[in-house]
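Peer 1: Pasting a structure here, questions to come.
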Amino acid sequence: MNVDENDLLHPAHRLQNTYNEYKDSADWLLAEISIRPQIAVICGSGLGGLADLLSDKITIPYEKIPGFPKSTVPGHAGKLVFGELSGKPCACMQGRFHFYEGYPINEVTFPIRVFHLMGIETLIVTNAAGGLNDDFKVGDIMIISDHINLPGFAGLNPLRGRNEERFGVRFPCLSDAYDKTLRQMALDSSQDLGYQDFIHEGVYCMLAGPSYETIAESRMLKILGADAVGMSTVPEVILARHCGMRVFGISLITNKVVMDYNSQQKANHEEVLQTSRDQAEALQSLISNLVGKIN
Ligand code: HPA
């Protein structure tokens, strides 16, 4: 008998799900829906309105999907919305699983391999982030050109544990994590929409959260080359690249990260959500325009 070492562990200590757990979830979803999505979009904090733009929507709450993580707050996990965006069949995650909520990293990233097994080839990730770059203003949009996986430096990588060769190689290359063609297409889309004054490209750094950065930490991140900082996205991107999906990422700069001990400004979630609400439409228009260009 071929025993998987993961199956011998208590669920809280499992590093990886089995291939069949992802497959069961993907097969269940494919039986529920008739469309065959090509693009998956993960909607960040306050950016879930994108899913409402889909036509011929089919909405499935996460708790109904076999194998999907169980919400730590009942009824708050979110839902998967299928439909067409700019004429392209899409799957939209309205609400993501964050590491800081207490989900193990394999659960945070669970939907990604399910999308892959459903035949989805492109992943679009969005998030709210604090701006470290002096040129960035609140409400600006940053196309992610690269990332820094700071939790990864301390051992938190979604690929840690046994490698499943059916998804990808043991040591995947990440020097081309964010697709150059898609980035250029998004820059073209921002021209189409007249967004030149508030669009940037830059490096996103993930911290585990949920506490915001100290001033010393913020200064360190800037020196390290990060332009924006947030608490999500990177684990999903690593798993998506591992299984060969192409990735496009975008950060909405919801606040300026405090760098000065004399500043009276304080990072707070209300400001993050308010900026998301104010700029959600611009971000949605950019993604719809971009999706229209993808073939
Ligand atoms: N820091 C970390 N995560 C964030 C921030 C921030 O300033 N803004 C939005 N998410």
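By convention here, the chains of the structure tokens are called A, B, ... in the order presented, each chain's residues are numbered starting at 1, and ligands are numbered starting at 1 in the order presented.
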List the neighbours of stretch 179-191 of chain A out to 8 Å using only C-alpha atoms; skip same-chain residues closer than 2 positions along the sequence, and give me the result as a ChimeraX atom specification.

Peer 2: /A:143,145,176-177,193-196,199,246-248,286-287,289-290,293-294

Peer 1: Take the residues from that selection and write them out as an mmCIF file, in the first residue's frame, keeping N, CA and C atoms.

Peer 2:
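Result saved to selection.cif:
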```cif
data_model
loop_
_atom_site.group_PDB
_atom_site.id
_atom_site.type_symbol
_atom_site.label_atom_id
_atom_site.label_comp_id
_atom_site.auth_asym_id
_atom_site.auth_seq_id
_atom_site.Cartn_x
_atom_site.Cartn_y
_atom_site.Cartn_z
ATOM 1 N N ILE A 143 0.717 48.130 -10.704
ATOM 2 C CA ILE A 143 0.835 46.831 -11.379
ATOM 3 C C ILE A 143 2.034 46.133 -10.743
ATOM 4 N N SER A 145 5.170 44.138 -10.444
ATOM 5 C CA SER A 145 6.204 43.657 -11.366
ATOM 6 C C SER A 145 6.991 42.507 -10.738
ATOM 7 N N ASP A 176 10.313 35.088 -13.316
ATOM 8 C CA ASP A 176 9.340 35.660 -14.252
ATOM 9 C C ASP A 176 7.924 35.484 -13.700
ATOM 10 N N ALA A 177 7.777 35.748 -12.384
ATOM 11 C CA ALA A 177 6.506 35.446 -11.718
ATOM 12 C C ALA A 177 5.330 36.213 -12.319
ATOM 13 N N LEU A 193 -7.990 54.082 -20.671
ATOM 14 C CA LEU A 193 -8.930 54.608 -19.685
ATOM 15 C C LEU A 193 -8.513 55.978 -19.145
ATOM 16 N N GLY A 194 -7.358 56.473 -19.569
ATOM 17 C CA GLY A 194 -6.880 57.780 -19.093
ATOM 18 C C GLY A 194 -6.362 57.741 -17.668
ATOM 19 N N TYR A 195 -5.773 56.627 -17.267
ATOM 20 C CA TYR A 195 -5.310 56.461 -15.885
ATOM 21 C C TYR A 195 -3.816 56.782 -15.712
ATOM 22 N N GLN A 196 -3.180 57.376 -16.728
ATOM 23 C CA GLN A 196 -1.713 57.540 -16.702
ATOM 24 C C GLN A 196 -1.204 58.196 -15.422
ATOM 25 N N ILE A 199 -1.164 55.402 -12.344
ATOM 26 C CA ILE A 199 -0.743 54.007 -12.518
ATOM 27 C C ILE A 199 0.775 53.902 -12.356
ATOM 28 N N ARG A 246 -0.256 31.633 -15.807
ATOM 29 C CA ARG A 246 0.360 32.957 -15.922
ATOM 30 C C ARG A 246 -0.377 33.907 -14.991
ATOM 31 N N VAL A 247 0.382 34.837 -14.439
ATOM 32 C CA VAL A 247 -0.130 35.636 -13.332
ATOM 33 C C VAL A 247 -0.027 37.122 -13.639
ATOM 34 N N PHE A 248 -1.112 37.826 -13.313
ATOM 35 C CA PHE A 248 -1.103 39.285 -13.332
ATOM 36 C C PHE A 248 -1.562 39.755 -11.960
ATOM 37 N N LEU A 286 -10.215 48.792 -15.059
ATOM 38 C CA LEU A 286 -8.909 48.380 -15.584
ATOM 39 C C LEU A 286 -8.884 46.871 -15.820
ATOM 40 N N ILE A 287 -9.388 46.122 -14.861
ATOM 41 C CA ILE A 287 -9.367 44.656 -15.009
ATOM 42 C C ILE A 287 -10.310 44.209 -16.128
ATOM 43 N N ASN A 289 -11.137 45.889 -18.782
ATOM 44 C CA ASN A 289 -10.490 46.256 -20.040
ATOM 45 C C ASN A 289 -9.380 45.263 -20.374
ATOM 46 N N LEU A 290 -8.573 44.935 -19.365
ATOM 47 C CA LEU A 290 -7.476 43.987 -19.570
ATOM 48 C C LEU A 290 -8.010 42.611 -19.983
ATOM 49 N N LYS A 293 -8.779 42.145 -23.466
ATOM 50 C CA LYS A 293 -7.623 42.049 -24.384
ATOM 51 C C LYS A 293 -6.969 40.653 -24.364
ATOM 52 N N ILE A 294 -7.256 39.881 -23.309
ATOM 53 C CA ILE A 294 -6.592 38.568 -23.178
ATOM 54 C C ILE A 294 -7.212 37.559 -24.144
#
```

Peer 1: Which residues are near ligand 1 - at most 8 Å, using only C-alpha atoms and all ligand atoms? Format: as a list of chain:residue names.

Peer 2: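 Based on only C-alpha atoms and all ligand atoms, ligand 1 is surrounded within 8 Å by A:Asn127, A:Ala128, A:Ala129, A:Gly130, A:Gly131, A:Met206, A:Leu207, A:Gly209, A:Pro210, A:Ser211, A:Tyr212, A:Glu213, A:Ala228, A:Val229, A:Gly230, A:Met231, A:Ile253, A:Thr254, A:Asn255, A:Lys256, A:Val257, A:Val258, A:Ala267, A:Asn268, A:His269, A:Val272.
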
Peer 1: Keeping C-alpha atoms for every residue in the selection just given, could you write it to a file as a PDB file, in the first residue's frame?

Peer 2:
```
ATOM      1  CA  ASN A 127      -5.101  43.468  -3.124  1.00  0.00           C
ATOM      2  CA  ALA A 128      -5.092  46.530  -0.928  1.00  0.00           C
ATOM      3  CA  ALA A 129      -1.585  47.655  -0.009  1.00  0.00           C
ATOM      4  CA  GLY A 130       0.255  50.371   1.846  1.00  0.00           C
ATOM      5  CA  GLY A 131       2.462  52.616  -0.294  1.00  0.00           C
ATOM      6  CA  MET A 206       4.026  40.387   1.781  1.00  0.00           C
ATOM      7  CA  LEU A 207       4.019  40.401   5.568  1.00  0.00           C
ATOM      8  CA  GLY A 209       0.092  40.448   9.500  1.00  0.00           C
ATOM      9  CA  PRO A 210      -2.287  41.146  11.107  1.00  0.00           C
ATOM     10  CA  SER A 211      -0.344  43.903  12.866  1.00  0.00           C
ATOM     11  CA  TYR A 212       0.763  46.733  10.606  1.00  0.00           C
ATOM     12  CA  GLU A 213       4.453  47.586  10.275  1.00  0.00           C
ATOM     13  CA  ALA A 228       4.051  48.494  -1.513  1.00  0.00           C
ATOM     14  CA  VAL A 229       3.270  46.214   1.413  1.00  0.00           C
ATOM     15  CA  GLY A 230       0.311  43.975   2.185  1.00  0.00           C
ATOM     16  CA  MET A 231      -0.784  40.764   3.857  1.00  0.00           C
ATOM     17  CA  ILE A 253      -2.550  51.860  -2.673  1.00  0.00           C
ATOM     18  CA  THR A 254      -5.033  52.398   0.148  1.00  0.00           C
ATOM     19  CA  ASN A 255      -2.730  54.289   2.509  1.00  0.00           C
ATOM     20  CA  LYS A 256       0.766  55.716   2.772  1.00  0.00           C
ATOM     21  CA  VAL A 257       2.956  53.718   5.102  1.00  0.00           C
ATOM     22  CA  VAL A 258       4.156  55.836   8.023  1.00  0.00           C
ATOM     23  CA  ALA A 267      -2.365  52.825   9.759  1.00  0.00           C
ATOM     24  CA  ASN A 268      -5.940  51.628  10.166  1.00  0.00           C
ATOM     25  CA  HIS A 269      -8.297  49.231   8.441  1.00  0.00           C
ATOM     26  CA  VAL A 272      -7.939  50.863   3.751  1.00  0.00           C
TER      27      VAL A 272
END
```

Peer 1: Kindly provide the residues of stretch 83-107 of chain A that approach stretch 17-25 of chain A to within 12 Å, each paired with its closest atom pair and their distance in Å to one decimal, based on only C-alpha atoms, listed by chain and increasing number, as JSON lines.

Peer 2:
```
{"residue": "A:Pro104", "atom": "CA", "partner": "A:Asn17", "partner_atom": "CA", "distance": 10.9}
{"residue": "A:Ile105", "atom": "CA", "partner": "A:Asn17", "partner_atom": "CA", "distance": 10.6}
{"residue": "A:Asn106", "atom": "CA", "partner": "A:Asn17", "partner_atom": "CA", "distance": 6.9}
{"residue": "A:Glu107", "atom": "CA", "partner": "A:Asn17", "partner_atom": "CA", "distance": 8.4}
```

Peer 1: Where does stretch 12-104 of chain A meet stretch 280-284 of chain A within 8 Å, residue by residue, with the nearest atom pair and distance in Å to one decimal for each, counting only C-alpha atoms, listed by chain and rising number, as a tab-separated table?

Peer 2:
```
residue	atom	partner	partner_atom	distance
A:Gly46	CA	A:Ala280	CA	7.3
A:Leu47	CA	A:Ala280	CA	5.7
A:Gly49	CA	A:Ala280	CA	7.4
A:Leu50	CA	A:Gln284	CA	5.6
```

Peer 1: Which of stretch 122-272 of chain A end up as strand (DSSP E) when DSSP is run on this backbone - answer as a ChimeraX atom specification?

Peer 2: /A:122-131,141-149,199-206,228-230,246-256

Peer 1: Which one is closest to A:Phe99: A:Gln274, A:Asn262, A:Thr233, A:Ser285? Count only C-alpha atoms.

Peer 2: A:Thr233

Peer 1: Determine which residues of stretch 125-173 of chain A DSSP labels as alpha helix (DSSP H) from the backbone of this structure, then write them out as a list in words.

Peer 2: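 In stretch 125-173 of chain A, DSSP puts these residues in alpha helix (DSSP H): Leu150, Pro151, Gly152 and Phe153 of chain A.
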
Peer 1: Using only C-alpha atoms, pick whichever of A:Lys57, A:Thr109, A:Leu117, A:Gly44 has the shortest atom-to-atom distance to A:Trp28.

Peer 2: A:Leu117

Peer 1: Residues near A:Ile238, anyone? I mean within 9 Å using only C-alpha atoms, not counting same-chain ones fewer than 6 positions away, as an MDAnalysis selection string.

Peer 2: chainID A and resid 157:159 172 174 177

Peer 1: In Å to one decimal, how far is atom CA of A:Ser232 from atom CA of A:Pro151?

Peer 2: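 About the pair atom CA of A:Pro151 and atom CA of A:Ser232: they are 10.6 Å apart.
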
Peer 1: Could you check how far atom CA of A:Tyr62 sits from atom CA of A:Gly83, in Å to one decimal?

Peer 2: 16.3 Å

Peer 1: May I have the residues within 12 Å of A:Asp197 as JSON, numbers by chain, using only C-alpha atoms and disregarding those fewer than 6 positions away in the same chain?

Peer 2: {"A": [135, 136, 137, 139, 140, 141, 142, 187, 190, 191]}

Peer 1: Between atom CA of A:Met220 and atom CA of A:Ala208, what is the distance, to one decimal in Å?

Peer 2: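 According to the coordinates, atom CA of A:Met220 and atom CA of A:Ala208 are separated by 15.7 Å.
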